[in-house]
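Just input.pdb here, PDB, C-alpha atoms, pLDDT in the B column:
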ATOM      1  CA  MET A1319      16.257  17.665  -7.146  1.00 83.00           C
ATOM      2  CA  LEU A1320      15.377  14.096  -8.066  1.00 88.00           C
ATOM      3  CA  ILE A1321      15.641  14.330 -11.860  1.00 90.00           C
ATOM      4  CA  ALA A1322      18.004  16.223 -14.184  1.00 93.00           C
ATOM      5  CA  LEU A1323      18.836  16.179 -17.888  1.00 91.00           C
ATOM      6  CA  HIS A1324      21.789  13.873 -18.545  1.00 93.00           C
ATOM      7  CA  ASN A1325      22.906  13.342 -22.141  1.00 92.00           C
ATOM      8  CA  GLY A1326      19.597  14.851 -23.235  1.00 89.00           C
ATOM      9  CA  GLN A1327      17.449  12.501 -21.136  1.00 91.00           C
ATOM     10  CA  ARG A1328      15.607  12.946 -17.838  1.00 92.00           C
ATOM     11  CA  LYS A1329      17.429  10.737 -15.337  1.00 91.00           C
ATOM     12  CA  ARG A1330      17.659  10.096 -11.651  1.00 90.00           C
ATOM     13  CA  ALA A1331      21.099  10.588 -10.169  1.00 90.00           C
ATOM     14  CA  GLU A1332      21.650   6.883  -9.497  1.00 90.00           C
ATOM     15  CA  PHE A1333      21.211   6.055 -13.194  1.00 90.00           C
ATOM     16  CA  ALA A1334      23.635   8.753 -14.312  1.00 91.00           C
ATOM     17  CA  GLY A1335      26.281   7.762 -11.754  1.00 92.00           C
ATOM     18  CA  SER A1336      27.895   9.616  -8.895  1.00 93.00           C
ATOM     19  CA  GLY A1337      29.679  12.753 -10.030  1.00 92.00           C
ATOM     20  CA  ALA A1338      27.912  12.914 -13.397  1.00 94.00           C
ATOM     21  CA  ARG A1339      27.074  16.376 -14.668  1.00 95.00           C
ATOM     22  CA  GLY A1340      23.650  17.317 -15.946  1.00 94.00           C
ATOM     23  CA  LYS A1341      21.289  20.262 -16.278  1.00 92.00           C
ATOM     24  CA  CYS A1342      18.230  21.266 -14.329  1.00 90.00           C
ATOM     25  CA  PRO A1343      15.273  20.880 -16.736  1.00 86.00           C
ATOM     26  CA  TRP A1344      13.611  23.884 -15.114  1.00 83.00           C
ATOM     27  CA  THR A1345      16.400  26.476 -14.790  1.00 84.00           C
ATOM     28  CA  GLY A1346      18.920  25.117 -17.301  1.00 86.00           C
ATOM     29  CA  LEU A1347      21.695  25.407 -14.700  1.00 88.00           C
ATOM     30  CA  GLU A1348      24.441  22.798 -14.273  1.00 93.00           C
ATOM     31  CA  THR A1349      23.893  20.020 -11.748  1.00 93.00           C
ATOM     32  CA  LYS A1350      25.960  17.207 -10.263  1.00 93.00           C
ATOM     33  CA  ALA A1351      24.793  13.724  -9.271  1.00 92.00           C
ATOM     34  CA  HIS A1352      25.252  12.727  -5.631  1.00 89.00           C
ATOM     35  CA  VAL A1353      24.786   8.998  -5.146  1.00 88.00           C
ATOM     36  CA  GLY A1354      25.098   7.610  -1.636  1.00 82.00           C
ATOM     37  CA  GLU A1355      24.047   4.345  -0.077  1.00 75.00           C
ATOM     38  CA  ILE A1356      20.823   5.882   1.271  1.00 70.00           C
ATOM     39  CA  ARG A1357      20.157   9.096  -0.698  1.00 77.00           C
ATOM     40  CA  GLN A1358      20.572   9.875  -4.397  1.00 85.00           C
ATOM     41  CA  TYR A1359      19.913  13.331  -5.816  1.00 85.00           C
ATOM     42  CA  TRP A1360      21.107  16.097  -8.133  1.00 88.00           C
ATOM     43  CA  ALA A1361      22.478  19.330  -6.695  1.00 90.00           C
ATOM     44  CA  TYR A1362      23.217  22.622  -8.405  1.00 88.00           C
ATOM     45  CA  VAL A1363      26.908  23.165  -9.101  1.00 91.00           C
ATOM     46  CA  GLY A1364      28.019  26.157  -7.054  1.00 84.00           C
ATOM     47  CA  GLY A1365      24.943  26.109  -4.844  1.00 81.00           C
ATOM     48  CA  ALA A1366      21.245  26.649  -5.411  1.00 73.00           C
ATOM     49  CA  PRO A1367      20.201  29.772  -7.327  1.00 73.00           C
ATOM     50  CA  GLN A1368      17.810  32.422  -6.056  1.00 69.00           C
ATOM     51  CA  PHE A1369      14.458  30.808  -6.708  1.00 66.00           C
ATOM     52  CA  VAL A1370      11.427  32.810  -7.788  1.00 62.00           C
ATOM     53  CA  ASN A1371       7.858  32.819  -6.539  1.00 66.00           C
ATOM     54  CA  GLY A1372       8.494  31.127  -3.217  1.00 60.00           C
ATOM     55  CA  TYR A1373      10.347  28.048  -4.440  1.00 66.00           C
ATOM     56  CA  GLU A1374      12.907  26.623  -2.053  1.00 67.00           C
ATOM     57  CA  PRO A1375      16.072  24.506  -2.166  1.00 68.00           C
ATOM     58  CA  GLU A1376      15.266  20.802  -2.067  1.00 77.00           C
ATOM     59  CA  SER A1377      15.781  18.949   1.207  1.00 83.00           C
ATOM     60  CA  GLU A1378      15.939  15.243   2.032  1.00 86.00           C
ATOM     61  CA  TRP A1379      12.334  15.633   3.154  1.00 92.00           C
ATOM     62  CA  HIS A1380      11.320  16.696  -0.372  1.00 91.00           C
ATOM     63  CA  ILE A1381      13.235  13.801  -1.927  1.00 89.00           C
ATOM     64  CA  SER A1382      11.613  11.297   0.434  1.00 93.00           C
ATOM     65  CA  TRP A1383       8.160  12.299  -0.794  1.00 96.00           C
ATOM     66  CA  LYS A1384       9.102  12.266  -4.479  1.00 94.00           C
ATOM     67  CA  TRP A1385      11.321   9.179  -4.543  1.00 94.00           C
ATOM     68  CA  PRO A1386       8.439   6.620  -4.867  1.00 96.00           C
ATOM     69  CA  ILE A1387       6.978   8.387  -7.933  1.00 97.00           C
ATOM     70  CA  GLN A1388       7.488   7.426 -11.588  1.00 97.00           C
ATOM     71  CA  ASP A1389       9.737   9.881 -13.401  1.00 94.00           C
ATOM     72  CA  ALA A1390       7.014  10.953 -15.858  1.00 95.00           C
ATOM     73  CA  PHE A1391       4.896  12.284 -12.984  1.00 96.00           C
ATOM     74  CA  CYS A1392       7.680  13.864 -10.934  1.00 95.00           C
ATOM     75  CA  GLU A1393       9.043  17.429 -11.210  1.00 93.00           C
ATOM     76  CA  VAL A1394       6.850  18.240 -14.221  1.00 93.00           C
ATOM     77  CA  ILE A1395       7.331  21.691 -15.753  1.00 91.00           C
ATOM     78  CA  PHE A1396       4.321  23.762 -16.852  1.00 90.00           C
ATOM     79  CA  GLY A1397       3.801  27.035 -18.685  1.00 84.00           C
ATOM     80  CA  ASP A1398       4.929  28.596 -21.943  1.00 79.00           C
ATOM     81  CA  ASN A1399       7.876  30.129 -20.096  1.00 79.00           C
ATOM     82  CA  ASN A1400       8.494  27.267 -17.635  1.00 77.00           C
ATOM     83  CA  GLU A1401       6.710  29.258 -14.940  1.00 82.00           C
ATOM     84  CA  HIS A1402       6.217  26.400 -12.490  1.00 87.00           C
ATOM     85  CA  ARG A1403       7.525  22.940 -11.700  1.00 89.00           C
ATOM     86  CA  ALA A1404       4.953  20.636 -10.111  1.00 93.00           C
ATOM     87  CA  ASP A1405       6.477  18.327  -7.536  1.00 95.00           C
ATOM     88  CA  ILE A1406       4.092  15.475  -8.389  1.00 97.00           C
ATOM     89  CA  LEU A1407       1.253  14.975 -10.850  1.00 96.00           C
ATOM     90  CA  GLY A1408      -0.822  12.840  -8.541  1.00 97.00           C
ATOM     91  CA  SER A1409      -3.659  10.437  -9.126  1.00 92.00           C
ATOM     92  CA  ASP A1410      -7.294  11.385  -8.421  1.00 90.00           C
ATOM     93  CA  ASN A1411      -6.825  14.380 -10.781  1.00 93.00           C
ATOM     94  CA  THR A1412      -4.395  16.291  -8.548  1.00 96.00           C
ATOM     95  CA  VAL A1413      -1.188  18.300  -8.544  1.00 97.00           C
ATOM     96  CA  ILE A1414       0.773  17.738  -5.331  1.00 97.00           C
ATOM     97  CA  GLU A1415       3.036  20.457  -3.956  1.00 96.00           C
ATOM     98  CA  ILE A1416       5.582  19.516  -1.278  1.00 96.00           C
ATOM     99  CA  GLN A1417       6.432  22.594   0.799  1.00 94.00           C
ATOM    100  CA  HIS A1418       8.997  22.706   3.600  1.00 92.00           C
ATOM    101  CA  SER A1419       9.403  26.396   4.441  1.00 88.00           C
ATOM    102  CA  LYS A1420       6.971  29.277   4.780  1.00 88.00           C
ATOM    103  CA  ILE A1421       5.894  31.006   1.604  1.00 90.00           C
ATOM    104  CA  ASP A1422       4.406  34.388   0.760  1.00 91.00           C
ATOM    105  CA  ILE A1423       0.629  34.094   0.478  1.00 94.00           C
ATOM    106  CA  ARG A1424       0.757  35.743  -2.954  1.00 93.00           C
ATOM    107  CA  HIS A1425       3.007  32.965  -4.229  1.00 91.00           C
ATOM    108  CA  SER A1426       0.994  30.068  -2.803  1.00 93.00           C
ATOM    109  CA  ARG A1427      -2.172  31.667  -4.171  1.00 94.00           C
ATOM    110  CA  GLU A1428      -0.667  32.220  -7.616  1.00 92.00           C
ATOM    111  CA  ARG A1429       0.723  28.684  -7.800  1.00 91.00           C
ATOM    112  CA  SER A1430      -2.626  27.129  -6.888  1.00 94.00           C
ATOM    113  CA  ARG A1431      -4.411  29.345  -9.415  1.00 93.00           C
ATOM    114  CA  PHE A1432      -1.862  28.532 -12.122  1.00 92.00           C
ATOM    115  CA  TYR A1433      -2.182  24.767 -11.778  1.00 92.00           C
ATOM    116  CA  LYS A1434      -5.964  24.946 -11.670  1.00 92.00           C
ATOM    117  CA  GLU A1435      -6.011  26.959 -14.901  1.00 92.00           C
ATOM    118  CA  GLN A1436      -3.316  24.900 -16.628  1.00 91.00           C
ATOM    119  CA  THR A1437      -4.486  21.421 -15.654  1.00 92.00           C
ATOM    120  CA  ASP A1438      -7.980  21.714 -14.134  1.00 92.00           C
ATOM    121  CA  ARG A1439      -6.616  19.587 -11.272  1.00 94.00           C
ATOM    122  CA  ARG A1440      -7.102  20.064  -7.546  1.00 95.00           C
ATOM    123  CA  VAL A1441      -3.893  21.198  -5.835  1.00 96.00           C
ATOM    124  CA  VAL A1442      -2.955  19.121  -2.795  1.00 98.00           C
ATOM    125  CA  TRP A1443      -0.377  20.748  -0.527  1.00 98.00           C
ATOM    126  CA  VAL A1444       1.777  18.669   1.828  1.00 98.00           C
ATOM    127  CA  VAL A1445       3.398  21.132   4.233  1.00 97.00           C
ATOM    128  CA  ASP A1446       6.095  20.432   6.820  1.00 97.00           C
ATOM    129  CA  ILE A1447       5.061  21.866  10.221  1.00 97.00           C
ATOM    130  CA  GLN A1448       7.528  19.867  12.325  1.00 96.00           C
ATOM    131  CA  GLU A1449       9.343  23.062  13.310  1.00 94.00           C
ATOM    132  CA  PHE A1450       6.371  24.471  15.221  1.00 94.00           C
ATOM    133  CA  TRP A1451       4.299  21.353  15.986  1.00 97.00           C
ATOM    134  CA  GLN A1452       3.218  21.401  19.651  1.00 94.00           C
ATOM    135  CA  LYS A1453       5.133  24.653  20.113  1.00 95.00           C
ATOM    136  CA  ARG A1454       2.821  27.057  18.312  1.00 95.00           C
ATOM    137  CA  PHE A1455       0.389  24.567  16.780  1.00 96.00           C
ATOM    138  CA  PHE A1456      -1.811  22.485  19.076  1.00 97.00           C
ATOM    139  CA  LEU A1457      -4.801  20.164  18.794  1.00 98.00           C
ATOM    140  CA  SER A1458      -7.664  20.059  21.256  1.00 97.00           C
ATOM    141  CA  GLU A1459      -7.206  17.440  23.968  1.00 94.00           C
ATOM    142  CA  LYS A1460      -9.932  15.215  22.579  1.00 95.00           C
ATOM    143  CA  PRO A1461     -11.576  14.905  19.151  1.00 96.00           C
ATOM    144  CA  ASP A1462     -15.282  15.262  18.580  1.00 94.00           C
ATOM    145  CA  SER A1463     -17.529  12.349  17.646  1.00 94.00           C
ATOM    146  CA  LYS A1464     -16.256  12.473  14.046  1.00 94.00           C
ATOM    147  CA  GLY A1465     -12.598  12.369  15.062  1.00 95.00           C
ATOM    148  CA  TYR A1466     -12.065  16.069  14.307  1.00 97.00           C
ATOM    149  CA  TYR A1467      -9.703  18.157  16.457  1.00 98.00           C
ATOM    150  CA  LYS A1468      -9.917  21.908  16.858  1.00 97.00           C
ATOM    151  CA  VAL A1469      -6.610  23.637  16.081  1.00 97.00           C
ATOM    152  CA  THR A1470      -5.091  26.375  18.217  1.00 96.00           C
ATOM    153  CA  TRP A1471      -2.072  28.135  16.722  1.00 93.00           C
ATOM    154  CA  LYS A1472      -0.359  31.462  17.213  1.00 91.00           C
ATOM    155  CA  PRO A1473       0.791  33.237  15.244  1.00 92.00           C
ATOM    156  CA  ARG A1474      -1.320  31.960  12.386  1.00 91.00           C
ATOM    157  CA  ARG A1475       0.344  31.682   9.009  1.00 93.00           C
ATOM    158  CA  SER A1476      -1.972  33.377   6.554  1.00 94.00           C
ATOM    159  CA  TRP A1477      -0.915  31.287   3.546  1.00 95.00           C
ATOM    160  CA  LEU A1478      -1.672  28.030   5.381  1.00 96.00           C
ATOM    161  CA  LEU A1479      -4.993  29.395   6.538  1.00 95.00           C
ATOM    162  CA  GLU A1480      -5.921  30.344   2.983  1.00 96.00           C
ATOM    163  CA  LEU A1481      -4.949  26.902   1.647  1.00 96.00           C
ATOM    164  CA  ALA A1482      -7.182  25.338   4.301  1.00 97.00           C
ATOM    165  CA  ILE A1483     -10.089  27.602   3.323  1.00 96.00           C
ATOM    166  CA  THR A1484      -9.808  27.438  -0.475  1.00 93.00           C
ATOM    167  CA  LEU A1485     -12.174  24.946  -2.091  1.00 89.00           C
ATOM    168  CA  ASP A1486      -9.769  24.102  -4.937  1.00 90.00           C
ATOM    169  CA  THR A1487      -6.971  23.025  -2.589  1.00 96.00           C
ATOM    170  CA  ASN A1488      -6.490  20.320   0.039  1.00 97.00           C
ATOM    171  CA  LEU A1489      -4.037  20.837   2.905  1.00 98.00           C
ATOM    172  CA  TYR A1490      -2.134  18.023   4.596  1.00 98.00           C
ATOM    173  CA  LEU A1491       0.405  18.678   7.342  1.00 98.00           C
ATOM    174  CA  GLU A1492       3.516  16.633   8.117  1.00 98.00           C
ATOM    175  CA  PHE A1493       3.848  16.956  11.896  1.00 98.00           C
ATOM    176  CA  ASN A1494       6.366  14.133  12.414  1.00 97.00           C
ATOM    177  CA  GLN A1495       8.155  12.534   9.482  1.00 96.00           C
ATOM    178  CA  ARG A1496       8.551   9.229  11.303  1.00 96.00           C
ATOM    179  CA  SER A1497       4.847   8.999  12.059  1.00 98.00           C
ATOM    180  CA  ASP A1498       2.626   6.877   9.834  1.00 97.00           C
ATOM    181  CA  LYS A1499       0.044   9.679   9.827  1.00 98.00           C
ATOM    182  CA  LEU A1500      -0.558  13.163   8.424  1.00 98.00           C
ATOM    183  CA  LEU A1501      -3.014  15.835   9.486  1.00 98.00           C
ATOM    184  CA  HIS A1502      -5.714  16.872   7.019  1.00 98.00           C
ATOM    185  CA  ALA A1503      -6.647  20.465   7.927  1.00 98.00           C
ATOM    186  CA  TRP A1504      -9.540  22.712   6.883  1.00 97.00           C
ATOM    187  CA  VAL A1505     -11.415  25.813   8.078  1.00 96.00           C
ATOM    188  CA  TYR A1506     -15.048  25.943   9.162  1.00 94.00           C
ATOM    189  CA  GLU A1507     -16.736  29.136  10.354  1.00 93.00           C
ATOM    190  CA  GLY A1508     -13.389  30.829  10.856  1.00 91.00           C
ATOM    191  CA  GLU A1509     -11.798  28.046  12.918  1.00 94.00           C
ATOM    192  CA  MET A1510      -9.264  25.463  11.767  1.00 96.00           C
ATOM    193  CA  TYR A1511      -9.945  21.779  12.319  1.00 98.00           C
ATOM    194  CA  ALA A1512      -7.865  18.711  11.567  1.00 98.00           C
ATOM    195  CA  ARG A1513      -8.079  14.958  11.519  1.00 98.00           C
ATOM    196  CA  PHE A1514      -5.437  12.264  11.360  1.00 98.00           C
ATOM    197  CA  VAL A1515      -5.070  10.426   8.050  1.00 98.00           C
ATOM    198  CA  THR A1516      -2.699   7.500   7.572  1.00 98.00           C
ATOM    199  CA  LYS A1517       0.076   7.938   5.061  1.00 98.00           C
ATOM    200  CA  GLU A1518      -1.006   4.639   3.565  1.00 98.00           C
ATOM    201  CA  ASN A1519      -4.471   6.037   2.793  1.00 98.00           C
ATOM    202  CA  PHE A1520      -2.932   9.245   1.426  1.00 98.00           C
ATOM    203  CA  PHE A1521      -0.567   7.234  -0.769  1.00 98.00           C
ATOM    204  CA  LEU A1522      -3.276   4.931  -2.099  1.00 98.00           C
ATOM    205  CA  ARG A1523      -5.534   7.879  -2.925  1.00 98.00           C
ATOM    206  CA  TYR A1524      -3.075  10.348  -4.418  1.00 98.00           C
ATOM    207  CA  LEU A1525       0.150   8.509  -5.327  1.00 98.00           C
ATOM    208  CA  ASP A1526      -0.421   4.834  -5.994  1.00 98.00           C
ATOM    209  CA  ALA A1527      -1.461   5.164  -9.651  1.00 97.00           C
ATOM    210  CA  VAL A1528       1.685   7.215 -10.428  1.00 97.00           C
ATOM    211  CA  ALA A1529       4.092   5.300  -8.173  1.00 98.00           C
ATOM    212  CA  ARG A1530       7.038   3.210  -9.291  1.00 96.00           C
ATOM    213  CA  PRO A1531       6.019  -0.462  -9.610  1.00 97.00           C
ATOM    214  CA  GLU A1532       8.068  -1.504  -6.587  1.00 96.00           C
ATOM    215  CA  CYS A1533       6.278   1.117  -4.471  1.00 97.00           C
ATOM    216  CA  GLN A1534       2.690   0.436  -5.506  1.00 98.00           C
ATOM    217  CA  GLY A1535       0.265  -0.781  -2.873  1.00 98.00           C
ATOM    218  CA  PHE A1536       2.271   1.210  -0.294  1.00 98.00           C
ATOM    219  CA  SER A1537       5.012  -1.398  -0.212  1.00 97.00           C
ATOM    220  CA  GLY A1538       7.614  -1.543   2.522  1.00 96.00           C
ATOM    221  CA  ILE A1539      10.047   0.695   0.652  1.00 94.00           C
ATOM    222  CA  ALA A1540       7.308   3.258  -0.042  1.00 97.00           C
ATOM    223  CA  LYS A1541       6.436   3.282   3.647  1.00 97.00           C
ATOM    224  CA  ALA A1542      10.107   3.669   4.555  1.00 95.00           C
ATOM    225  CA  ALA A1543      10.468   6.653   2.219  1.00 94.00           C
ATOM    226  CA  LEU A1544       7.446   8.451   3.681  1.00 96.00           C
ATOM    227  CA  THR A1545       8.378   7.770   7.293  1.00 96.00           C
ATOM    228  CA  GLY A1546      12.009   8.859   7.161  1.00 89.00           C
ATOM    229  CA  GLY A1547      13.461   5.362   6.976  1.00 81.00           C
ATOM    230  CA  ARG A1548      15.969   3.764   4.655  1.00 72.00           C
ATOM    231  CA  PHE A1549      14.815   3.135   1.097  1.00 66.00           C
TER     232      PHE A1549
END

Show me this structure written as structure tokens.
Amino acid sequence: MLIALHNGQRKRAEFAGSGARGKCPWTGLETKAHVGEIRQYWAYVGGAPQFVNGYEPESEWHISWKWPIQDAFCEVIFGDNNEHRADILGSDNTVIEIQHSKIDIRHSRERSRFYKEQTDRRVVWVVDIQEFWQKRFFLSEKPDSKGYYKVTWKPRRSWLLELAITLDTNLYLEFNQRSDKLLHAWVYEGEMYARFVTKENFFLRYLDAVARPECQGFSGIAKAALTGGRF
């Protein structure tokens, strides 16, 4: 995770110092700060717990997406019983969920419903498909006149399909972390379509207003974070 409670305050690992002990604001479990030259994060002491409702252990990919964001808008807990932790409270009235591994459709559906009811914000999902990109997930050879590609993928993942269909969610796919583009995917008349969107445009629309000052305007370090570089 990016932020933990240290001496009663929400802090990033680099500000607490390598080896510092803290607590996860969500689970209350003990964490330890890991501060390297390139990556800084908190990890659960003794390993990650069994997460509920489809949550997953954090990866460097998760941290890369959350690193440019101001602390107040990152890893925000919602619900009377701390039911969910939003990865990012984005600009343009959004909640942004960063998802690396597959998730049960019931959990993705419930999470989207929860945030809509709690915040009245659109839920934007950024999903890592690098594992099956151009193996089980393909774009048509050429786009149509609008730049839209038809998607062919087998087997389909029902939770991704539902996120692409649902009007209260937007689905963006990370097909190559080092690319400067994402895929925006949706469903029309039962078929999935996608178009390329630059990470700069995504950042300026959804992240810029909540970004750290040094990252605003999609600065060089923000670009490096979102394209797998050094930041």

task: Using all atoms listed in the file, give me every residue within 12 Å of (-12.1, 22.0, -9.2) in file coordinates, as a list of chain:residue names.
output: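 The distance filter leaves exactly A:Asp1410, A:Asn1411, A:Thr1412, A:Val1413, A:Ser1430, A:Arg1431, A:Tyr1433, A:Lys1434, A:Glu1435, A:Gln1436, A:Thr1437, A:Asp1438, A:Arg1439, A:Arg1440, A:Val1441, A:Val1442, A:Thr1484, A:Leu1485, A:Asp1486, A:Thr1487, A:Asn1488.
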
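Across the structure, atom CA of Leu1407 of chain A and atom CA of Phe1391 of chain A are spaced 5.0 Å apart.
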
message: For a cutoff of 10 Å around the file-coordinate point (6.2, 27.8, 3.6), which residues qualify once you count all atoms listed in the file? I'd like the result as a ChimeraX atom specification.
response: /A:1372-1374,1416-1423,1425-1426,1445-1447,1475,1477-1478

task: Skip segment 1519-1529 of chain A itself and residues of its chain fewer than 2 positions away, then list as a PyMOL selection string all residues within 12 Å of it, counting all atoms listed in the file.
output: chain A and resi 1383-1392+1405-1415+1440-1444+1488-1492+1498-1502+1514-1517+1531-1537+1539-1541+1543-1544

- request: Could you tell me how far atom CA of Leu1481 of chain A lies from atom CA of Gln1452 of chain A, in Å and to one decimal?
  value: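 Going from atom CA of Leu1481 of chain A over to atom CA of Gln1452 of chain A covers 20.5 Å.
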
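Take atom CA of Glu1480 of chain A and atom CA of Trp1379 of chain A: the distance between them is 23.4 Å.
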
message: Using all atoms listed in the file, can you tell me which of A:Trp1471, A:Leu1347, A:Gly1364, A:Ala1503 comes closest to Trp1451 of chain A?
response: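 Among the listed residues, the smallest separation from Trp1451 of chain A belongs to A:Trp1471.
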
- prompt: Once the PyMOL selection byres ((chain A and resi 1362) around 12) has been applied to the shown file, what residues remain in the selection, as a ChimeraX atom specification?
  reply: /A:1319-1322,1337-1352,1359-1361,1363-1368,1375-1376

Missing atoms in segment 1482-1498 of chain A should be modelled up to N, CA, C and O atoms and reported as a PDB file, keeping the file's coordinate frame.
ATOM      1  N   ALA A1482      -6.186  26.149   3.602  1.00 97.00           N
ATOM      2  CA  ALA A1482      -7.182  25.338   4.301  1.00 97.00           C
ATOM      3  C   ALA A1482      -8.609  25.790   3.972  1.00 97.00           C
ATOM      4  O   ALA A1482      -9.539  24.984   4.033  1.00 97.00           O
ATOM      5  N   ILE A1483      -8.770  27.058   3.624  1.00 96.00           N
ATOM      6  CA  ILE A1483     -10.089  27.602   3.323  1.00 96.00           C
ATOM      7  C   ILE A1483     -10.491  27.325   1.876  1.00 96.00           C
ATOM      8  O   ILE A1483     -11.644  27.017   1.585  1.00 96.00           O
ATOM      9  N   THR A1484      -9.521  27.462   0.955  1.00 93.00           N
ATOM     10  CA  THR A1484      -9.808  27.438  -0.475  1.00 93.00           C
ATOM     11  C   THR A1484     -10.391  26.105  -0.918  1.00 93.00           C
ATOM     12  O   THR A1484      -9.838  25.035  -0.607  1.00 93.00           O
ATOM     13  N   LEU A1485     -11.474  26.166  -1.676  1.00 89.00           N
ATOM     14  CA  LEU A1485     -12.174  24.946  -2.091  1.00 89.00           C
ATOM     15  C   LEU A1485     -11.397  24.144  -3.124  1.00 89.00           C
ATOM     16  O   LEU A1485     -11.589  22.925  -3.233  1.00 89.00           O
ATOM     17  N   ASP A1486     -10.524  24.802  -3.894  1.00 90.00           N
ATOM     18  CA  ASP A1486      -9.769  24.102  -4.937  1.00 90.00           C
ATOM     19  C   ASP A1486      -8.454  23.520  -4.444  1.00 90.00           C
ATOM     20  O   ASP A1486      -7.656  23.026  -5.250  1.00 90.00           O
ATOM     21  N   THR A1487      -8.198  23.593  -3.147  1.00 96.00           N
ATOM     22  CA  THR A1487      -6.971  23.025  -2.589  1.00 96.00           C
ATOM     23  C   THR A1487      -7.302  22.121  -1.401  1.00 96.00           C
ATOM     24  O   THR A1487      -8.315  22.318  -0.724  1.00 96.00           O
ATOM     25  N   ASN A1488      -6.444  21.141  -1.175  1.00 97.00           N
ATOM     26  CA  ASN A1488      -6.490  20.320   0.039  1.00 97.00           C
ATOM     27  C   ASN A1488      -5.176  20.517   0.783  1.00 97.00           C
ATOM     28  O   ASN A1488      -4.109  20.578   0.150  1.00 97.00           O
ATOM     29  N   LEU A1489      -5.229  20.592   2.097  1.00 98.00           N
ATOM     30  CA  LEU A1489      -4.037  20.837   2.905  1.00 98.00           C
ATOM     31  C   LEU A1489      -3.774  19.662   3.843  1.00 98.00           C
ATOM     32  O   LEU A1489      -4.629  19.302   4.658  1.00 98.00           O
ATOM     33  N   TYR A1490      -2.590  19.080   3.705  1.00 98.00           N
ATOM     34  CA  TYR A1490      -2.134  18.023   4.596  1.00 98.00           C
ATOM     35  C   TYR A1490      -0.847  18.482   5.272  1.00 98.00           C
ATOM     36  O   TYR A1490       0.018  19.101   4.629  1.00 98.00           O
ATOM     37  N   LEU A1491      -0.711  18.189   6.543  1.00 98.00           N
ATOM     38  CA  LEU A1491       0.405  18.678   7.342  1.00 98.00           C
ATOM     39  C   LEU A1491       1.255  17.519   7.849  1.00 98.00           C
ATOM     40  O   LEU A1491       0.737  16.570   8.450  1.00 98.00           O
ATOM     41  N   GLU A1492       2.552  17.618   7.604  1.00 98.00           N
ATOM     42  CA  GLU A1492       3.516  16.633   8.117  1.00 98.00           C
ATOM     43  C   GLU A1492       3.990  17.122   9.477  1.00 98.00           C
ATOM     44  O   GLU A1492       4.766  18.064   9.577  1.00 98.00           O
ATOM     45  N   PHE A1493       3.490  16.511  10.549  1.00 98.00           N
ATOM     46  CA  PHE A1493       3.848  16.956  11.896  1.00 98.00           C
ATOM     47  C   PHE A1493       5.008  16.167  12.484  1.00 98.00           C
ATOM     48  O   PHE A1493       5.672  16.609  13.418  1.00 98.00           O
ATOM     49  N   ASN A1494       5.256  14.970  11.971  1.00 97.00           N
ATOM     50  CA  ASN A1494       6.366  14.133  12.414  1.00 97.00           C
ATOM     51  C   ASN A1494       6.686  13.168  11.283  1.00 97.00           C
ATOM     52  O   ASN A1494       5.893  12.279  10.975  1.00 97.00           O
ATOM     53  N   GLN A1495       7.840  13.334  10.659  1.00 96.00           N
ATOM     54  CA  GLN A1495       8.155  12.534   9.482  1.00 96.00           C
ATOM     55  C   GLN A1495       8.138  11.038   9.788  1.00 96.00           C
ATOM     56  O   GLN A1495       7.781  10.230   8.931  1.00 96.00           O
ATOM     57  N   ARG A1496       8.493  10.653  10.984  1.00 96.00           N
ATOM     58  CA  ARG A1496       8.551   9.229  11.303  1.00 96.00           C
ATOM     59  C   ARG A1496       7.189   8.637  11.646  1.00 96.00           C
ATOM     60  O   ARG A1496       7.046   7.425  11.777  1.00 96.00           O
ATOM     61  N   SER A1497       6.194   9.483  11.792  1.00 98.00           N
ATOM     62  CA  SER A1497       4.847   8.999  12.059  1.00 98.00           C
ATOM     63  C   SER A1497       4.250   8.375  10.802  1.00 98.00           C
ATOM     64  O   SER A1497       4.619   8.734   9.676  1.00 98.00           O
ATOM     65  N   ASP A1498       3.324   7.463  10.983  1.00 97.00           N
ATOM     66  CA  ASP A1498       2.626   6.877   9.834  1.00 97.00           C
ATOM     67  C   ASP A1498       1.365   7.663   9.495  1.00 97.00           C
ATOM     68  O   ASP A1498       0.531   7.195   8.725  1.00 97.00           O
TER      69      ASP A1498
END
